[in-house]
Amino acid sequence: MTPTSANTPEAPPVLVGTPQAADLRNTPGTQQRVGMALTQADLALHRPNEAGLIPILQYHVFVTDPALEDQYTHVIDDFRAQLAWLYEHDFYVVPLWDVFLNQIYAPPGKHPVVLTFDDSTAGQFRLLPGQDGNMIPDPNSAIGVLEEVFAAHPDFGRGGHFAVLPDNCFHFPDEPDQEPYCDQKLRWLAEHGYEVGIHTLTHANLTDVMDERFQREIAEAMRWVRERIPNGSAEDILTMPLGGYPDPEVHPAQWKMLREGFTYKGEHYRLLGSLMVGSEPTYPPGSIKWDPILVPRIQMIDGEVATWWSVFEEQPEILYASDGNPNTITVPTVLPTWIEGTFDRAKAEADGKTVVEYTAPGGD
Ligand SMILES: [Zn+2]
């Protein structure tokens with residue numbers, strides 16, 4: 001959650017969604033104790049590699065009936081199985097904003113993974129009446145599953161980024177009875193360590209729209225989240241609808257707006273970054289390949305899951321493996337071929353990190 005300017009009297013006025021405000025976000029990465037430096041034995045055991053890849057997983061609609069599965073429709077039991085697979089393979093769930101802020105916390109040796117949910121569908125977060133009459137998350141919605149898994153495995157991390165649509169706020173596609181709970185769900189997400197991001201105002205394809213429309217789609221979506229979550233959330237992270245970025249030949253000014261912000265109706269808006277639709281794990285923020293406006297994800301459809309799961313099983317050394325300390329960036333002197341030459345030491349140091357290089361046992 002983003003503290004207000006009241007916490008930082010010396011700071012300039014807080015603008016909507018500025019990185020300055022975001023830097024002060026109360027994230028697990030900034031809350032965690034800073035660990036001791038790793039010993040040689042720790043390095044040999046945990047093999048940290050903070051130049052490695054981070055999977056950002058992308059989900060849409062959830063159903064219980066396997067007959068309804070398609071590219072954008074996931075069976076909730078498959079989601080359970082995928083989380084179990086990640087847990088068994090030493091992954092650790094981190095919030096998306098920790099990645100954007102280069103403030104990633106995971107225990108030594110664990111691989112950060114991010115969970116993202118597009119379009120705010122009902123199956124992601126459904127509220128049902130509990131025994132005492134209070135509304136509680138449906139155990140067969142994504143939030144119900146996440147709460148169950150995080151409670152059972154406190155060593156699995158926590159987090160989830162929800163790219164919400166104002167007009168389809170967790171009641172789409174066919175559950176109008178869920179519509180009244182929109183604001184309650186947004187507050188619940190923010191209070192339980194989840195992020196609320198934006199997906200434009202109308203799920204607009206931004207490939208070729210006028211500047212005014214482009215600004216309105218982003219600015220009004222940010223305002224909408226702000227009005228419902230008083231301390232803000234992750235409304236400065238845009239999940240690009242349909243992966244439709246502005247055509248750079250036709251709309252170069254809109255690329256500048258994505259990177260540097262813009263003023264709309266007298267207020268300044270600036271994104272921390274934006275997410276693409278496909279189709280691979282992302283390089284980490286300390287990489288020469290990191291671009292916060294073009295962050296790739298893995299679509300959690302059967303073929304993609306099978307492909308990437310086998311890559312991660314066969315080549316775990318390409319994955320980001322944490323040193324347990326968000327303030328240091330620990331990398332082997334020799335990186336696997338896939339990511340060789342991508343670590344940006346100068347950027348890590350400019351971000352205030354202490355860089356630790358070590359020779360991995362076995363020399364790989
Ligand atoms: Zn979408």
# chains A, B, ... in the order shown; residues from 1 in each chain; ligands from 1
call {"tool": "residues_near_ligand", "arguments": {"ligand": "ligand 1", "cutoff": "10 Å", "atoms": "only C-alpha atoms and all ligand atoms", "output": "list in words"}}
result
Tyr59, His60, Tyr72, Phe117, Asp118, Asp119, Ser120, Thr121, Ala163, Val164, Leu165, His199, Thr200, Thr202, His203, Ala204, Asn205, Thr239, Met240, Pro241, Leu242, Gly243 and Val277 of chain A
call {"tool": "write_last_selection", "arguments": {"atoms": "C-alpha atoms", "output": "JSON list (two decimals), in the first residue's frame"}}
result
[["chain", "number", "residue", "atom", "x", "y", "z"],
["A", 59, "TYR", "CA", -4.66, -16.02, -15.41],
["A", 60, "HIS", "CA", -8.12, -14.94, -16.63],
["A", 72, "TYR", "CA", -8.68, -17.99, -21.16],
["A", 117, "PHE", "CA", -5.05, -12.05, -12.83],
["A", 118, "ASP", "CA", -6.58, -10.13, -15.75],
["A", 119, "ASP", "CA", -10.11, -8.79, -16.28],
["A", 120, "SER", "CA", -11.40, -9.13, -12.66],
["A", 121, "THR", "CA", -13.62, -12.12, -13.43],
["A", 163, "ALA", "CA", -5.72, -6.01, -13.17],
["A", 164, "VAL", "CA", -9.26, -4.79, -12.54],
["A", 165, "LEU", "CA", -11.83, -3.42, -14.99],
["A", 199, "HIS", "CA", -6.34, -2.68, -17.21],
["A", 200, "THR", "CA", -7.64, 0.61, -18.70],
["A", 202, "THR", "CA", -12.89, 0.01, -20.92],
["A", 203, "HIS", "CA", -10.47, -2.79, -21.87],
["A", 204, "ALA", "CA", -9.43, -0.61, -24.81],
["A", 205, "ASN", "CA", -7.09, -1.82, -27.49],
["A", 239, "THR", "CA", -1.79, -4.57, -17.78],
["A", 240, "MET", "CA", -2.05, -3.73, -21.48],
["A", 241, "PRO", "CA", -5.43, -5.00, -22.80],
["A", 242, "LEU", "CA", -4.92, -7.59, -25.55],
["A", 243, "GLY", "CA", -1.21, -6.76, -25.37],
["A", 277, "VAL", "CA", 0.35, -10.70, -22.75]]
call {"tool": "select_by_dssp", "arguments": {"residues": "range 54-178 of chain A", "states": "alpha helix (DSSP H)", "output": "PyMOL selection string"}}
result
chain A and resi 76-88+96-100+142-152
call {"tool": "residues_around", "arguments": {"residues": "Phe343 in chain A", "least_positions_apart": "3", "cutoff": "7 Å", "atoms": "only C-alpha atoms", "output": "JSON, numbers by chain"}}
result
{"A": [51, 286, 287, 288]}
call {"tool": "atom_distance", "arguments": {"atom1": "CA of Gln215 in chain A", "atom2": "CA of Phe262 in chain A"}}
result
7.6 Å
call {"tool": "closest_atom_pairs", "arguments": {"of": "range 127-224 of chain A", "to": "range 89-94 of chain A", "cutoff": "6 Å", "atoms": "only C-alpha atoms", "output": "CSV"}}
result
residue,atom,partner,partner_atom,distance
A:Phe156,CA,A:Tyr92,CA,4.9
A:Gly157,CA,A:Val93,CA,4.6
A:Arg158,CA,A:Val93,CA,5.2
A:Gly159,CA,A:Val94,CA,5.6
call {"tool": "write_last_selection", "arguments": {"atoms": "C-alpha atoms", "output": "compact mmCIF listing (two decimals), in the first residue's frame"}}
result
# COMPACT_ATOMS: atom_id res chain seq x y z
CA PHE A 156 5.50 -19.99 0.10
CA GLY A 157 5.42 -16.19 0.21
CA ARG A 158 2.29 -14.23 -0.56
CA GLY A 159 0.85 -11.97 -3.22
